[in-house]
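Structure, as structure tokens:
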Amino acid sequence: MRIVSLRFVLTITAVLLIQIMLFLYWHGERVKRYAFIGHDRVNATFANFYMKYEIMTDFSASRCKGKQLFVFVMTTVSFFEQREVIRRTWATKSHTTDVLVVFIVGKDGNETKMKLLQEENKRYDDIIETTIPDIHAGYYLHTKYCFDVPYILRADDDVIVLPDRLVHFIKSGYFENTEKAIYGITWNDSKPVRDPSHKWYIPKEYFTPDMFPPYANGPAYLMTREAPKAILEKTNETTFFWIEDVMFTGIMANATGVKLVDSKGIFLYHCDQEDEAGRHALRNWGPVGFCMNETSPCDAHGVPYVTIIYHSPDAKRSDMERGYASLIKVKCEGATVAG
């Protein structure tokens with residue numbers, strides 16, 4: 001009886017161990033398979049507003065190892081073709097050796113689109129899905145996972161950039177290694193629109209001052225790694241403001257000692273959109289020197305300074321492929337320009 005009992009106990013023990021091992025294996029596989037669900041729950045607290053969102057895509061700090069530039073592109077679920085254009089132009093491997101490019105996408109209620117987005121991410125592994133589309137997620141990802149990456153570029157999905165050229169200027173010391181800085185086209189004398197019929201209308205009771213603080217133009221700007229960290233640490237002391245670039249690069253940058261550096265020349269407008277008559281209607285838009293031309297000043301290495309272009313305010317979206325082709329063909333001033 002003792003032998004039978006011992007065998008029985010050993011058998012039961014072995015069965016239980018096998019079950020435990022199977023459970024642990026299944027549980028581990030399930031965790032890996034569904035790691036994107038609720039991966040990061042982020043509290044974005046402002047002085048007058050509380051926002052909680054989830055980063056639903058698993059993200060590993062190893063993806064940032066050895067990179068010089070972290071680029072997060074703000075986009076929407078349905079802009080599948082826009083992302084494809086970016087991947088086959090400025091985000092190709094030839095431009096991103098020292099760069100990580102990700103697309104931040106807010107969750108959509110359309111299940112078909114979301115399934116397509118997940119398939120897209122399986123193919124490219126460059127989508128960061130969040131429950132809301134907000135640049136806060138880009139700041140958060142860099143600060144938590146990629147803080148060793150010295151520079152961050154925030155960009156809209158119609159911005160055209162040469163990341164390898166930007167890395168060249170980072171390595172050459174062009175940006176002077178300022179501890180907390182934002183580089184872009186800066187606006188210093190911008191006023192709130194008080195016309196109720198205008199899409200950018202700002203009521204006096206919402207924003208009382210008659211002048212915005214200096215801020216970086218919204219479609220794209222470059223940050224040193226300390227800048228987004230400093231801003232995130234002070235959101236709870238700052239009143240939320242719905243115009244993103246004014247909020248983060250103006251109000252909050254000012255409150256946290258982040259330096260704004262006007263970098264017109266690195267950043268320019270793509271002003272060759274044609275009007276109905278086929279004319280380059282935007283060539284004369286804005287102050288002199290804001291539009292990209294066929295030539296550019298160059299550094300001592302013969303690299304054109306113009307690196308990032310976007311369309312002018314209230315204009316139609318730039319033709320990405322044409323803009324990319326124009327940007328890579330820019331010559332140094334004084335050089336022979338092909339006709």
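Chain lettering (A, B, ...) mirrors the order of the structure tokens, residue numbering begins at 1 for each chain separately, and ligand numbering begins at 1 in order of display.
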
> In segment 77-302 of chain A, what's helix (DSSP H, G or I) per DSSP? Answer as a ChimeraX atom specification?
Replying inline: /A:80-88,93-95,111-124,135-145,163-171,226-233,235-237,244-256

>> So that I can see what lies close to His168 of chain A, please list as a VMD selection string the residues with an atom at most 12 Å from it, counting only C-alpha atoms and leaving out residues fewer than 2 positions away in the same chain.
In response: chain A and resid 68 to 69 95 to 99 162 to 166 170 to 175 299 to 305 307

Since we have the selection now, will you write its residues out, keeping N, CA and C atoms, as a PDB file, in the first residue's frame?
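Saved file again_8.pdb follows:
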ATOM      1  N   GLN A  68      20.746  58.633 -32.838  1.00  0.00           N
ATOM      2  CA  GLN A  68      21.023  60.050 -32.612  1.00  0.00           C
ATOM      3  C   GLN A  68      19.758  60.905 -32.661  1.00  0.00           C
ATOM      4  N   LEU A  69      18.706  60.351 -33.266  1.00  0.00           N
ATOM      5  CA  LEU A  69      17.489  61.142 -33.477  1.00  0.00           C
ATOM      6  C   LEU A  69      16.265  60.245 -33.336  1.00  0.00           C
ATOM      7  N   HIS A  95      18.171  56.892 -45.287  1.00  0.00           N
ATOM      8  CA  HIS A  95      18.086  58.170 -44.557  1.00  0.00           C
ATOM      9  C   HIS A  95      18.032  57.984 -43.049  1.00  0.00           C
ATOM     10  N   THR A  96      17.922  56.744 -42.558  1.00  0.00           N
ATOM     11  CA  THR A  96      17.609  56.559 -41.138  1.00  0.00           C
ATOM     12  C   THR A  96      18.571  55.623 -40.414  1.00  0.00           C
ATOM     13  N   THR A  97      19.829  55.603 -40.821  1.00  0.00           N
ATOM     14  CA  THR A  97      20.809  54.721 -40.180  1.00  0.00           C
ATOM     15  C   THR A  97      20.904  54.982 -38.677  1.00  0.00           C
ATOM     16  N   ASP A  98      20.921  56.243 -38.270  1.00  0.00           N
ATOM     17  CA  ASP A  98      21.062  56.614 -36.857  1.00  0.00           C
ATOM     18  C   ASP A  98      19.759  57.182 -36.298  1.00  0.00           C
ATOM     19  N   VAL A  99      18.649  56.793 -36.893  1.00  0.00           N
ATOM     20  CA  VAL A  99      17.360  57.426 -36.584  1.00  0.00           C
ATOM     21  C   VAL A  99      16.288  56.370 -36.346  1.00  0.00           C
ATOM     22  N   LEU A 162      14.902  65.282 -44.212  1.00  0.00           N
ATOM     23  CA  LEU A 162      16.027  64.387 -44.497  1.00  0.00           C
ATOM     24  C   LEU A 162      16.705  64.068 -43.166  1.00  0.00           C
ATOM     25  N   PRO A 163      16.315  62.969 -42.517  1.00  0.00           N
ATOM     26  CA  PRO A 163      16.840  62.672 -41.175  1.00  0.00           C
ATOM     27  C   PRO A 163      18.355  62.524 -41.129  1.00  0.00           C
ATOM     28  N   ASP A 164      18.943  61.938 -42.172  1.00  0.00           N
ATOM     29  CA  ASP A 164      20.395  61.772 -42.180  1.00  0.00           C
ATOM     30  C   ASP A 164      21.098  63.125 -42.241  1.00  0.00           C
ATOM     31  N   ARG A 165      20.496  64.075 -42.939  1.00  0.00           N
ATOM     32  CA  ARG A 165      21.073  65.422 -42.983  1.00  0.00           C
ATOM     33  C   ARG A 165      20.971  66.083 -41.608  1.00  0.00           C
ATOM     34  N   LEU A 166      19.854  65.861 -40.933  1.00  0.00           N
ATOM     35  CA  LEU A 166      19.681  66.400 -39.583  1.00  0.00           C
ATOM     36  C   LEU A 166      20.715  65.793 -38.626  1.00  0.00           C
ATOM     37  N   ILE A 170      23.616  67.474 -36.266  1.00  0.00           N
ATOM     38  CA  ILE A 170      23.725  67.130 -34.845  1.00  0.00           C
ATOM     39  C   ILE A 170      25.168  66.751 -34.517  1.00  0.00           C
ATOM     40  N   LYS A 171      25.754  65.893 -35.324  1.00  0.00           N
ATOM     41  CA  LYS A 171      27.117  65.416 -35.062  1.00  0.00           C
ATOM     42  C   LYS A 171      28.167  66.507 -35.273  1.00  0.00           C
ATOM     43  N   SER A 172      27.877  67.437 -36.196  1.00  0.00           N
ATOM     44  CA  SER A 172      28.857  68.495 -36.478  1.00  0.00           C
ATOM     45  C   SER A 172      28.806  69.622 -35.455  1.00  0.00           C
ATOM     46  N   GLY A 173      27.859  69.560 -34.516  1.00  0.00           N
ATOM     47  CA  GLY A 173      27.779  70.581 -33.475  1.00  0.00           C
ATOM     48  C   GLY A 173      27.004  71.819 -33.866  1.00  0.00           C
ATOM     49  N   TYR A 174      26.271  71.750 -34.961  1.00  0.00           N
ATOM     50  CA  TYR A 174      25.513  72.924 -35.414  1.00  0.00           C
ATOM     51  C   TYR A 174      24.543  73.418 -34.348  1.00  0.00           C
ATOM     52  N   PHE A 175      23.940  72.505 -33.594  1.00  0.00           N
ATOM     53  CA  PHE A 175      22.926  72.891 -32.607  1.00  0.00           C
ATOM     54  C   PHE A 175      23.509  73.219 -31.236  1.00  0.00           C
ATOM     55  N   ASP A 299      27.016  74.253 -45.215  1.00  0.00           N
ATOM     56  CA  ASP A 299      28.035  74.292 -44.180  1.00  0.00           C
ATOM     57  C   ASP A 299      29.411  74.028 -44.778  1.00  0.00           C
ATOM     58  N   ALA A 300      30.425  73.935 -43.930  1.00  0.00           N
ATOM     59  CA  ALA A 300      31.798  73.758 -44.399  1.00  0.00           C
ATOM     60  C   ALA A 300      32.013  72.425 -45.103  1.00  0.00           C
ATOM     61  N   HIS A 301      31.093  71.484 -44.904  1.00  0.00           N
ATOM     62  CA  HIS A 301      31.198  70.173 -45.548  1.00  0.00           C
ATOM     63  C   HIS A 301      30.432  70.118 -46.870  1.00  0.00           C
ATOM     64  N   GLY A 302      29.854  71.250 -47.275  1.00  0.00           N
ATOM     65  CA  GLY A 302      29.113  71.281 -48.524  1.00  0.00           C
ATOM     66  C   GLY A 302      27.722  70.678 -48.419  1.00  0.00           C
ATOM     67  N   VAL A 303      27.166  70.670 -47.214  1.00  0.00           N
ATOM     68  CA  VAL A 303      25.821  70.129 -47.001  1.00  0.00           C
ATOM     69  C   VAL A 303      24.822  71.275 -46.921  1.00  0.00           C
ATOM     70  N   PRO A 304      23.794  71.288 -47.777  1.00  0.00           N
ATOM     71  CA  PRO A 304      22.789  72.366 -47.727  1.00  0.00           C
ATOM     72  C   PRO A 304      22.093  72.399 -46.364  1.00  0.00           C
ATOM     73  N   TYR A 305      21.862  73.609 -45.860  1.00  0.00           N
ATOM     74  CA  TYR A 305      21.216  73.723 -44.558  1.00  0.00           C
ATOM     75  C   TYR A 305      19.750  73.300 -44.586  1.00  0.00           C
ATOM     76  N   THR A 307      16.685  71.348 -44.508  1.00  0.00           N
ATOM     77  CA  THR A 307      16.558  69.943 -44.114  1.00  0.00           C
ATOM     78  C   THR A 307      15.101  69.517 -43.940  1.00  0.00           C
TER      79      THR A 307
END

> Near segment 176-189 of chain A, within 6 Å and counting only C-alpha atoms, which residues show up once chain neighbours fewer than 5 positions away are dropped, as JSON, numbers by chain?
Replying inline: {"A": [214, 215, 216, 217, 221, 222, 223, 224, 226, 227, 258, 259, 260, 261, 262, 263, 264]}

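Distances here use only C-alpha atoms; by that measure, the residue among A:Asp319, A:Asp210, A:Asp195, A:Asp125 closest to Cys271 of chain A is A:Asp319.
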
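For the set A:Thr92, A:Asp148, A:Ser78, A:Pro133, the residue with the smallest atom-to-atom gap to Ile104 of chain A is A:Pro133, counting only C-alpha atoms.
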
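The gap separating atom CA of Ala44 of chain A from atom CA of Ala61 of chain A is 21.3 Å, in Å to one decimal.
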
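Considering only C-alpha atoms, the residue among A:Ile202, A:Ile135, A:Ile55, A:Ile160 positioned nearest to Leu327 of chain A is A:Ile160.
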
> Smallest atom-to-atom distance to Met56 of chain A: which of A:Leu116, A:Val306, A:Ile132, A:Met320, using only C-alpha atoms?
Replying inline: A:Ile132

I'd like the contact shell of Val161 of chain A - 8 Å cut-off, only C-alpha atoms, skipping same-chain residues fewer than 5 positions apart - returned as an mmCIF file with N, CA, C and O atoms, in the first residue's frame.
data_model
loop_
_atom_site.group_PDB
_atom_site.id
_atom_site.type_symbol
_atom_site.label_atom_id
_atom_site.label_comp_id
_atom_site.auth_asym_id
_atom_site.auth_seq_id
_atom_site.Cartn_x
_atom_site.Cartn_y
_atom_site.Cartn_z
ATOM 1 N N TRP A 90 11.481 59.771 -47.415
ATOM 2 C CA TRP A 90 12.485 60.212 -46.452
ATOM 3 C C TRP A 90 12.728 59.245 -45.290
ATOM 4 O O TRP A 90 13.732 59.386 -44.577
ATOM 5 N N THR A 307 16.685 71.348 -44.508
ATOM 6 C CA THR A 307 16.558 69.943 -44.114
ATOM 7 C C THR A 307 15.101 69.517 -43.940
ATOM 8 O O THR A 307 14.768 68.363 -44.150
ATOM 9 N N ILE A 308 14.241 70.452 -43.563
ATOM 10 C CA ILE A 308 12.839 70.142 -43.247
ATOM 11 C C ILE A 308 11.945 71.162 -43.934
ATOM 12 O O ILE A 308 12.136 72.372 -43.773
ATOM 13 N N ILE A 309 10.945 70.676 -44.690
ATOM 14 C CA ILE A 309 10.011 71.586 -45.356
ATOM 15 C C ILE A 309 8.571 71.148 -45.097
ATOM 16 O O ILE A 309 8.286 69.966 -44.890
ATOM 17 N N TYR A 324 9.847 65.917 -51.715
ATOM 18 C CA TYR A 324 11.049 65.138 -51.388
ATOM 19 C C TYR A 324 12.061 65.223 -52.525
ATOM 20 O O TYR A 324 13.266 65.442 -52.290
#

>> Let's see if you can do this: from backbone DSSP, list all strand (DSSP E) residues in segment 135-238 of chain A, as a count of residues only.
In response: 21

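Residues in contact with Gly109 of chain A at 12 Å, where only C-alpha atoms are counted and same-chain residues fewer than 4 positions away are skipped, are listed as Thr76, Val77, Ser78, Lys113, Met114, Lys115, Thr131 and Ile132 of chain A.
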
Save out the residues we just selected, C-alpha atoms, as a CSV table (one decimal), in the first residue's frame.
chain,number,residue,atom,x,y,z
A,76,THR,CA,-4.4,59.4,-38.2
A,77,VAL,CA,-5.6,55.9,-38.8
A,78,SER,CA,-7.0,56.5,-42.3
A,113,LYS,CA,-9.5,50.5,-40.2
A,114,MET,CA,-8.1,49.3,-36.9
A,115,LYS,CA,-7.5,45.8,-38.3
A,131,THR,CA,-6.3,55.9,-27.2
A,132,ILE,CA,-6.0,59.6,-28.1
